[in-house]
$ cat model_8.txt   # compact mmCIF, C-alpha atoms
# COMPACT_ATOMS: atom_id res chain seq x y z
CA MET K 1 -25.50 60.97 11.32
CA GLY K 2 -25.12 57.28 10.45
CA SER K 3 -21.75 55.61 10.13
CA GLU K 4 -20.45 54.98 6.65
CA VAL K 5 -20.69 51.38 5.45
CA ARG K 6 -17.95 50.32 3.09
CA ASP K 7 -18.54 47.73 0.38
CA TYR K 8 -15.82 45.13 0.01
CA ILE K 9 -14.99 43.05 -3.02
CA VAL K 10 -15.84 39.36 -2.89
CA GLY K 11 -13.31 37.17 -4.69
CA THR K 12 -14.39 34.73 -7.39
CA CYS K 13 -11.13 32.82 -7.92
CA LEU K 14 -11.83 29.20 -6.97
CA THR K 15 -8.27 27.89 -7.25
CA LYS K 16 -5.17 28.40 -5.11
CA CYS K 17 -3.67 30.51 -7.89
CA PRO K 18 -5.58 32.77 -10.33
CA HIS K 19 -5.57 31.52 -13.92
CA LYS K 20 -4.01 34.72 -15.24
CA GLU K 21 -1.07 34.38 -12.85
CA ILE K 22 -0.58 30.72 -13.79
CA ILE K 23 -0.34 31.59 -17.48
CA PHE K 24 2.01 34.51 -16.83
CA ARG K 25 4.37 32.63 -14.55
CA GLU K 26 4.50 29.63 -16.86
CA LYS K 27 5.30 31.85 -19.83
CA GLU K 28 7.96 33.85 -17.97
CA ARG K 29 9.37 30.74 -16.26
CA LEU K 30 8.71 32.18 -12.82
CA LEU K 31 7.80 28.83 -11.32
CA HIS K 32 8.99 27.77 -7.90
CA ARG K 33 10.35 24.24 -7.83
CA PHE K 34 7.60 23.30 -5.35
CA GLU K 35 5.12 24.03 -8.15
CA THR K 36 6.70 21.88 -10.83
CA LYS K 37 6.50 18.26 -11.88
CA ARG K 38 9.12 16.17 -10.16
CA ASP K 39 10.31 14.70 -13.45
CA SER K 40 11.14 18.18 -14.82
CA ASP K 41 14.57 18.51 -16.35
CA ILE K 42 15.95 20.86 -13.72
CA ASN K 43 19.51 20.64 -14.98
CA GLY K 44 18.39 21.65 -18.42
CA GLY K 45 16.46 24.60 -17.05
CA ILE K 46 13.09 23.24 -18.20
CA LEU K 47 10.57 23.37 -15.38
CA ARG K 48 7.11 22.07 -16.20
CA ALA K 49 4.31 23.44 -14.07
CA GLU K 50 1.99 21.24 -12.07
CA ARG K 51 -0.95 23.62 -11.91
CA SER K 52 -2.60 21.90 -8.95
CA LYS K 53 0.46 22.83 -6.90
CA MET K 54 0.61 26.48 -7.91
CA VAL K 55 -0.24 29.01 -5.21
CA LYS K 56 -0.72 32.73 -5.66
CA GLU K 57 2.47 34.60 -4.82
CA TYR K 58 2.62 37.86 -2.93
CA SER K 59 2.97 41.05 -4.95
CA ARG K 60 2.93 44.64 -3.83
CA ALA K 61 0.19 46.80 -5.31
CA ALA K 62 1.54 49.40 -7.71
CA ALA K 63 1.55 52.99 -6.42
CA GLY K 64 -1.87 54.55 -6.82
CA LYS K 65 -3.49 51.28 -7.85
CA ALA K 66 -6.59 50.80 -5.73
CA ASP K 67 -8.73 48.52 -7.91
CA HIS K 68 -8.71 44.75 -7.42
CA LYS K 69 -10.44 42.36 -9.78
CA PRO K 70 -12.64 39.70 -8.14
CA CYS K 71 -11.19 37.05 -10.45
CA GLN K 72 -7.76 37.63 -8.89
CA LEU K 73 -9.03 37.28 -5.30
CA ARG K 74 -9.74 34.01 -3.51
CA PRO K 75 -12.83 33.90 -1.25
CA ALA K 76 -12.60 32.65 2.34
CA PRO K 77 -13.19 28.91 1.69
CA ILE K 78 -10.45 28.85 -0.97
CA LEU K 79 -8.05 30.73 1.30
CA GLN K 80 -8.68 28.14 4.01
CA LYS K 81 -8.00 25.32 1.56
CA THR K 82 -4.85 27.11 0.39
CA VAL K 83 -3.50 27.44 3.94
CA ASP K 84 -4.30 23.79 4.67
CA TYR K 85 -2.49 22.76 1.50
CA LEU K 86 0.60 24.80 2.38
CA LEU K 87 0.82 23.60 5.97
CA SER K 88 -0.11 19.98 5.36
CA SER K 89 0.29 18.49 1.88
CA LEU K 90 3.15 20.71 0.72
CA ILE K 91 5.20 20.49 3.93
CA GLU K 92 4.67 16.73 4.23
CA THR K 93 5.71 16.17 0.62
CA GLU K 94 8.76 18.43 0.68
CA LEU K 95 10.06 17.03 3.98
CA LYS K 96 9.62 13.55 2.56
CA PHE K 97 11.74 14.49 -0.46
CA GLY K 98 14.44 16.06 1.71
CA SER K 99 13.77 19.78 1.24
CA CYS K 100 15.28 21.90 4.02
CA TRP K 101 13.00 23.91 6.29
CA LEU K 102 14.63 27.16 5.18
CA ASP K 103 13.45 26.60 1.59
CA ILE K 104 10.02 25.51 2.78
CA TYR K 105 9.78 28.56 5.03
CA GLU K 106 10.71 30.99 2.26
CA TYR K 107 8.00 29.61 -0.03
CA VAL K 108 5.24 29.24 2.57
CA PHE K 109 5.98 32.65 4.11
CA ASP K 110 5.46 34.37 0.74
CA ARG K 111 2.25 32.46 -0.04
CA LEU K 112 0.80 33.13 3.42
CA ARG K 113 1.54 36.80 2.91
CA ALA K 114 -0.55 36.68 -0.26
CA VAL K 115 -3.35 34.97 1.69
CA ARG K 116 -3.36 37.78 4.24
CA GLN K 117 -3.44 40.32 1.42
CA ASP K 118 -6.56 38.69 -0.06
CA MET K 119 -8.15 38.61 3.41
CA ILE K 120 -7.56 42.30 4.01
CA ILE K 121 -8.86 43.41 0.60
CA GLN K 122 -12.08 41.41 1.10
CA ASN K 123 -12.36 42.19 4.85
CA ILE K 124 -12.75 38.50 5.67
CA ILE K 125 -13.84 38.10 9.29
CA GLY K 126 -15.46 35.52 11.56
CA SER K 127 -14.59 31.83 11.81
CA PRO K 128 -12.74 31.59 8.45
CA ALA K 129 -10.41 34.45 9.38
CA VAL K 130 -9.80 33.02 12.86
CA ASP K 131 -9.04 29.59 11.41
CA ILE K 132 -6.50 31.02 8.94
CA LEU K 133 -4.77 33.31 11.44
CA GLU K 134 -4.44 30.59 14.08
CA LYS K 135 -2.63 28.37 11.60
CA MET K 136 -0.38 31.22 10.50
CA VAL K 137 0.57 31.96 14.11
CA ARG K 138 1.56 28.33 14.67
CA PHE K 139 3.68 28.37 11.51
CA PHE K 140 5.56 31.56 12.50
CA VAL K 141 6.19 30.31 16.06
CA TYR K 142 7.40 26.89 14.95
CA SER K 143 9.60 28.38 12.21
CA ALA K 144 11.20 30.77 14.69
CA TYR K 145 12.37 27.76 16.68
CA ARG K 146 13.22 25.56 13.70
CA LEU K 147 15.45 28.29 12.24
CA CYS K 148 16.71 29.75 15.54
CA ASP K 149 20.35 28.92 14.78
CA GLU K 150 20.23 30.32 11.25
CA LYS K 151 22.08 33.57 10.73
CA ALA K 152 19.70 36.33 9.69
CA GLY K 153 19.78 36.58 5.94
CA GLN K 154 17.72 36.93 2.83
CA LYS K 155 15.62 33.81 3.38
CA PHE K 156 15.00 34.09 7.12
CA ASP K 157 15.02 37.13 9.34
CA PRO K 158 13.74 36.54 12.90
CA VAL K 159 12.72 40.18 13.24
CA ILE K 160 10.57 40.10 10.10
CA ASN K 161 9.13 36.72 11.13
CA ASN K 162 8.23 38.15 14.55
CA THR K 163 6.67 41.25 12.98
CA HIS K 164 4.32 39.12 10.89
CA LEU K 165 3.57 36.93 13.91
CA LEU K 166 2.54 39.93 16.02
CA GLU K 167 0.46 41.38 13.19
CA CYS K 168 -1.45 38.10 12.92
CA PHE K 169 -1.87 37.98 16.68
CA LYS K 170 -3.18 41.53 16.88
CA ARG K 171 -5.86 40.75 14.31
CA LEU K 172 -6.65 37.37 15.85
CA LEU K 173 -7.24 38.77 19.33
CA SER K 174 -9.56 41.45 17.94
CA LEU K 175 -11.55 38.76 16.10
CA TYR K 176 -11.88 36.79 19.33
CA GLU K 177 -13.47 39.86 20.93
CA GLU K 178 -15.96 40.11 18.07
CA GLY K 179 -16.52 36.41 17.52
CA THR K 180 -19.00 33.70 18.42
CA LEU K 181 -18.32 30.71 20.66
CA GLU K 182 -17.67 28.57 17.59
CA SER K 183 -14.97 30.87 16.22
CA CYS K 184 -13.35 31.14 19.67
CA ARG K 185 -13.02 27.43 20.49
CA ASN K 186 -9.20 27.67 20.45
CA ARG K 187 -9.05 30.98 22.25
CA VAL K 188 -7.45 29.67 25.46
CA GLU K 189 -4.64 28.07 23.44
CA PHE K 190 -3.82 31.33 21.66
CA GLU K 191 -4.36 33.62 24.63
CA SER K 192 -1.80 31.43 26.41
CA LEU K 193 0.54 31.63 23.45
CA TYR K 194 0.18 35.42 23.40
CA GLN K 195 1.37 35.58 27.01
CA ILE K 196 4.36 33.32 26.28
CA ILE K 197 5.45 35.26 23.20
CA ASN K 198 5.18 38.55 25.10
CA LEU K 199 6.77 37.25 28.30
CA GLY K 200 6.96 39.93 30.98
CA HIS K 201 5.42 42.67 28.80
CA SER K 202 3.06 44.91 30.77
CA GLU K 203 0.65 45.21 27.83
CA ALA K 204 0.21 41.43 27.65
CA LEU K 205 -0.13 41.14 31.43
CA ASN K 206 -2.79 43.86 31.45
CA HIS K 207 -4.59 42.08 28.60
CA TYR K 208 -4.78 38.97 30.78
CA TYR K 209 -6.74 40.87 33.44
CA GLU K 210 -9.11 42.26 30.83
CA LEU K 211 -10.25 38.74 29.89
CA ASP K 212 -13.39 37.19 31.33
CA SER K 213 -12.66 35.16 34.46
CA GLU K 214 -13.99 32.03 32.73
CA ILE K 215 -11.17 32.27 30.18
CA ARG K 216 -8.57 33.63 32.61
CA ASN K 217 -8.98 30.69 35.00
CA LYS K 218 -8.28 28.00 32.40
CA ALA K 219 -5.18 26.02 33.40
CA PRO K 220 -3.03 26.60 30.27
CA LEU K 221 -3.59 30.35 30.41
CA LYS K 222 -2.87 30.52 34.14
CA ILE K 223 0.41 28.66 33.62
CA ALA K 224 1.39 31.04 30.80
CA TYR K 225 0.53 34.06 32.96
CA GLN K 226 2.53 32.69 35.91
CA THR K 227 5.50 32.14 33.59
CA SER K 228 5.26 35.72 32.38
CA ILE K 229 5.20 37.00 35.96
CA ALA K 230 8.23 34.85 36.81
CA TYR K 231 10.08 36.34 33.84
CA HIS K 232 9.08 39.86 34.91
CA LEU K 233 10.46 39.17 38.41
CA ASN K 234 13.68 37.62 37.07
CA ASN K 235 12.74 34.26 38.61
CA TYR K 236 14.75 32.27 36.07
CA ILE K 237 14.40 28.98 37.96
CA ARG K 238 10.62 29.09 37.69
CA VAL K 239 10.68 30.12 34.04
CA PHE K 240 12.66 27.01 33.13
CA ARG K 241 10.57 24.77 35.37
CA GLN K 242 7.43 26.00 33.64
CA PHE K 243 8.80 24.75 30.32
CA GLN K 244 7.93 21.23 31.48
CA SER K 245 4.37 22.35 32.28
CA PHE K 246 3.56 23.09 28.65
CA SER K 247 2.46 19.92 26.93
CA ASP K 248 2.05 21.29 23.41
CA VAL K 249 4.93 21.78 20.98
CA ILE K 250 4.00 25.31 19.87
CA SER K 251 3.99 26.69 23.42
CA ARG K 252 7.40 25.14 24.05
CA CYS K 253 8.73 26.64 20.81
CA ALA K 254 7.40 30.03 21.86
CA LEU K 255 8.99 29.82 25.32
CA HIS K 256 12.31 28.69 23.83
CA GLN K 257 12.82 32.07 22.16
CA HIS K 258 13.26 33.59 25.64
CA PHE K 259 15.82 31.03 26.85
CA LEU K 260 18.91 32.94 25.75
CA PRO K 261 18.07 36.25 27.52
CA VAL K 262 16.86 34.37 30.62
CA ARG K 263 20.10 32.36 30.77
CA LYS K 264 22.16 35.52 30.39
CA GLN K 265 20.26 37.23 33.20
CA ALA K 266 20.63 34.12 35.36
CA LEU K 267 24.42 34.24 34.96
CA VAL K 268 24.43 37.94 35.85
CA THR K 269 22.36 37.31 38.99
CA MET K 270 24.38 34.28 40.08
CA SER K 271 27.67 36.10 39.49
CA VAL K 272 26.61 38.46 42.28
CA ALA K 273 24.74 36.03 44.54
CA TYR K 274 27.46 33.37 44.55
CA SER K 275 30.49 35.65 44.37
CA SER K 276 32.96 34.14 46.84
CA LYS K 277 36.50 32.78 46.69
CA GLN K 278 35.38 29.62 48.47
CA CYS K 279 32.15 29.07 46.51
CA ARG K 280 32.11 26.35 43.87
CA TYR K 281 28.87 25.73 42.01
CA PRO K 282 28.40 22.27 40.39
CA ILE K 283 28.17 22.50 36.63
CA HIS K 284 25.57 19.72 36.45
CA LYS K 285 23.28 21.70 38.75
CA LEU K 286 23.62 24.81 36.59
CA THR K 287 22.86 22.67 33.53
CA GLN K 288 19.69 21.47 35.19
CA ILE K 289 18.57 24.91 36.38
CA LEU K 290 19.12 26.55 32.96
CA ASN K 291 17.45 23.66 31.12
CA ILE K 292 20.51 22.99 28.93
CA ASP K 293 20.94 19.63 27.23
CA ASN K 294 24.41 18.79 28.59
CA ASP K 295 27.27 20.09 30.73
CA ASP K 296 29.53 20.82 27.76
CA LEU K 297 27.00 23.32 26.39
CA THR K 298 26.72 24.91 29.82
CA LYS K 299 30.51 25.28 30.01
CA SER K 300 30.54 26.91 26.57
CA LEU K 301 27.84 29.37 27.66
CA CYS K 302 29.79 30.26 30.82
CA ARG K 303 33.07 30.78 28.97
CA LEU K 304 31.33 32.89 26.36
CA HIS K 305 30.22 35.22 29.16
CA SER K 306 33.59 35.17 30.99
CA VAL K 307 32.31 33.02 33.84
CA ASP K 308 35.19 30.84 35.13
CA ILE K 309 35.09 27.04 35.06
CA GLN K 310 37.46 24.76 36.99
CA ASP K 311 36.97 21.05 36.38
CA ASP K 312 33.23 20.58 36.79
CA MET K 313 32.69 23.58 39.03
CA VAL K 314 31.55 27.11 38.20
CA ILE K 315 33.35 29.97 39.96
CA PHE K 316 31.12 33.02 40.06
CA LYS K 317 32.84 36.34 40.69
CA LYS K 318 31.12 39.68 40.90
CA GLY K 319 32.13 41.81 37.95
CA ASN K 320 33.53 38.95 35.86
CA TYR K 321 30.43 38.51 33.71
CA LYS K 322 30.76 40.06 30.26
CA CYS K 323 28.27 40.11 27.45
CA PRO K 324 29.96 38.66 24.33
CA GLU K 325 30.65 41.09 21.50
CA GLN K 326 29.46 38.71 18.81
CA LYS K 327 25.79 37.82 18.53
CA THR K 328 25.03 34.59 20.37
CA LEU K 329 22.79 32.10 18.59
CA PRO K 330 20.25 30.26 20.78
CA MET K 331 20.94 26.67 21.77
CA ARG K 332 18.58 24.13 20.33
CA CYS K 333 16.37 21.94 22.52
CA THR K 334 16.69 18.16 22.18
CA SER K 335 13.07 17.45 23.12
CA LEU K 336 11.85 19.71 20.29
CA ASP K 337 14.44 18.48 17.79
CA LYS K 338 13.32 14.88 18.38
CA LEU K 339 9.82 15.73 17.17
CA ASP K 340 8.68 13.28 14.50
CA GLU K 341 8.59 15.26 11.25
CA ASN K 342 5.48 13.33 10.23
CA LEU K 343 3.64 15.18 13.01
CA ILE K 344 4.64 18.72 12.04
CA SER K 345 1.80 19.34 9.60
CA SER K 346 -0.86 18.07 12.00
CA ILE K 347 0.58 20.33 14.72
CA LEU K 348 0.53 23.40 12.46
CA ILE K 349 -3.06 22.92 11.34
CA GLY K 350 -4.21 22.09 14.88
CA GLU K 351 -4.94 18.39 14.59
CA SER K 352 -2.36 17.30 17.17
$ encode --input "model_8.txt" --output "structure tokens"
Amino acid sequence: MGSEVRDYIVGTCLTKCPHKEIIFREKERLLHRFETKRDSDINGGILRAERSKMVKEYSRAAAGKADHKPCQLRPAPILQKTVDYLLSSLIETELKFGSCWLDIYEYVFDRLRAVRQDMIIQNIIGSPAVDILEKMVRFFVYSAYRLCDEKAGQKFDPVINNTHLLECFKRLLSLYEEGTLESCRNRVEFESLYQIINLGHSEALNHYYELDSEIRNKAPLKIAYQTSIAYHLNNYIRVFRQFQSFSDVISRCALHQHFLPVRKQALVTMSVAYSSKQCRYPIHKLTQILNIDNDDLTKSLCRLHSVDIQDDMVIFKKGNYKCPEQKTLPMRCTSLDKLDENLISSILIGES
């Protein structure tokens, strides 16, 4: 008995936003400010659409509604152009005009969600799907760092961001398995990123051993795997040293999300290992080991976890360490914050 072959719809919409949606959102004044003319009278509430900037927004399908019109769906080449517009032209323009990343994230997140929806309905696979998903993964990873000190709220929730990141990764890895050499040219970069994001997870470590040796032995992937093993073994010194081994911004952003738990575990371990009335541990050395920007931040971290400080010395005592009741926000990283904003778009679309 042969397997059933399912027919998928092929979209015919050749613009970033279907014409019907443009008309509706203009009429109902449902325009995002990123889609309007810059000379619109915002104070007067009159927003004039700039149709070339309009991008299809995400909308949930109504219950029981299974039909999708081709004219409302964008084919693969248009979806690729849409993603490139969002991650290059739009971000460059809005950063230039002083828009905050939180507002940019909220808009781009929604529009990328609509792109994924169109991809799923049409079952878009191969090189176009890989290209789109790789760019989405970079956006989610970079945004997680860029907004790491934002309190979870309506516009940004790190858990939701991570859920979408992992969903994209799951699909991307399966496409690599099915793909040609051309569609897998960035595979080592993203296999490495997968290890970093899932640091110490047995599933990710097992996945590494399932890869062909030709891929597994590539330097970036080996470094990522070694970092994951170090994390698994609670070798916090090596985890932070490996940060310097990653030359690309996205890998560093991905590793940064683990810094807070690794620093906490380091303090727990050192509170036992260096527990002595006579032992004094130099604060500058702890700053260096934990890859913190300055001694004052290290002192704040210690005090937050009930680790004693006297002058510029840390006094570790077994049993003193306490996990703070309030949620601790991650510390930012100066080397990542100094990134030239003119380079962000090229990094997200893979040109840098």
$ residues_around --input "model_8.txt" --residues "Ile124 in chain K" --least-positions-apart "4" --cutoff "10 Å" --atoms "all atoms listed in the file" --output "list in words"
Tyr8, Val10, Pro75, Ala76, Arg116, Asp118, Met119, Ile120, Pro128, Ala129 and Val130 of chain K
$ closest_atom_pairs --input "model_8.txt" --of "range 201-279 of chain K" --to "range 138-149 of chain K" --cutoff "10 Å" --atoms "all atoms listed in the file" --output "JSON lines"
{"residue": "K:Val249", "atom": "CA", "partner": "K:Tyr142", "partner_atom": "CA", "distance": 8.3}
{"residue": "K:Ile250", "atom": "CA", "partner": "K:Tyr142", "partner_atom": "CA", "distance": 6.2}
{"residue": "K:Ser251", "atom": "CA", "partner": "K:Val141", "partner_atom": "CA", "distance": 8.5}
{"residue": "K:Arg252", "atom": "CA", "partner": "K:Tyr142", "partner_atom": "CA", "distance": 9.3}
{"residue": "K:Cys253", "atom": "CA", "partner": "K:Tyr145", "partner_atom": "CA", "distance": 5.6}
{"residue": "K:Ala254", "atom": "CA", "partner": "K:Val141", "partner_atom": "CA", "distance": 5.9}
{"residue": "K:Leu255", "atom": "CA", "partner": "K:Tyr145", "partner_atom": "CA", "distance": 9.5}
{"residue": "K:His256", "atom": "CA", "partner": "K:Tyr145", "partner_atom": "CA", "distance": 7.2}
{"residue": "K:Gln257", "atom": "CA", "partner": "K:Tyr145", "partner_atom": "CA", "distance": 7.0}
$ residues_near_point --input "model_8.txt" --point "(0.2, 29.7, -10.4)" --cutoff "8 Å" --atoms "only C-alpha atoms" --output "PyMOL selection string"
chain K and resi 16-19+21-23+25-26+31+35+51+53-57
$ closest_residue --input "model_8.txt" --among "K:Gln72, K:Arg113, K:Leu205, K:Lys151" --to "Cys168 in chain K" --atoms "only C-alpha atoms"
K:Arg113
$ residues_around --input "model_8.txt" --residues "Leu286 in chain K" --least-positions-apart "6" --cutoff "10 Å" --atoms "all atoms listed in the file" --output "short mmCIF file (atom, residue, chain, number, x, y, z; two decimals) with C-alpha atoms, in the frame of the given file"
data_model
loop_
_atom_site.label_atom_id
_atom_site.label_comp_id
_atom_site.auth_asym_id
_atom_site.auth_seq_id
_atom_site.Cartn_x
_atom_site.Cartn_y
_atom_site.Cartn_z
CA ALA K 266 20.63 34.12 35.36
CA LEU K 267 24.42 34.24 34.96
CA ILE K 292 20.51 22.99 28.93
CA ASP K 295 27.27 20.09 30.73
CA THR K 298 26.72 24.91 29.82
CA LYS K 299 30.51 25.28 30.01
CA MET K 313 32.69 23.58 39.03
CA VAL K 314 31.55 27.11 38.20
#
$ closest_atom_pairs --input "model_8.txt" --of "range 234-286 of chain K" --to "range 212-220 of chain K" --cutoff "10 Å" --atoms "all atoms listed in the file" --output "CSV"
residue,atom,partner,partner_atom,distance
K:Ser245,CA,K:Pro220,CA,8.8
K:Phe246,CA,K:Pro220,CA,7.6
K:Ser247,CA,K:Pro220,CA,9.3
K:Ser251,CA,K:Pro220,CA,9.8
$ write_last_selection --input "model_8.txt" --atoms "C-alpha atoms" --output "mmCIF file, in the frame of the given file"
data_model
loop_
_atom_site.group_PDB
_atom_site.id
_atom_site.type_symbol
_atom_site.label_atom_id
_atom_site.label_comp_id
_atom_site.auth_asym_id
_atom_site.auth_seq_id
_atom_site.Cartn_x
_atom_site.Cartn_y
_atom_site.Cartn_z
ATOM 1 C CA SER K 245 4.370 22.350 32.280
ATOM 2 C CA PHE K 246 3.560 23.090 28.650
ATOM 3 C CA SER K 247 2.460 19.920 26.930
ATOM 4 C CA SER K 251 3.990 26.690 23.420
#
$ residues_near_point --input "model_8.txt" --point "(23.3, 22.7, 31.0)" --cutoff "12 Å" --atoms "only C-alpha atoms" --output "PyMOL selection string"
chain K and resi 240+259+263+282-302+312+314+331-334
$ residues_around --input "model_8.txt" --residues "Pro70 in chain K" --least-positions-apart "2" --cutoff "10 Å" --atoms "all atoms listed in the file" --output "list in words"
Ile9, Val10, Gly11, Thr12, Cys13, Asp67, His68, Gln72, Leu73, Arg74, Pro75 and Gln122 of chain K
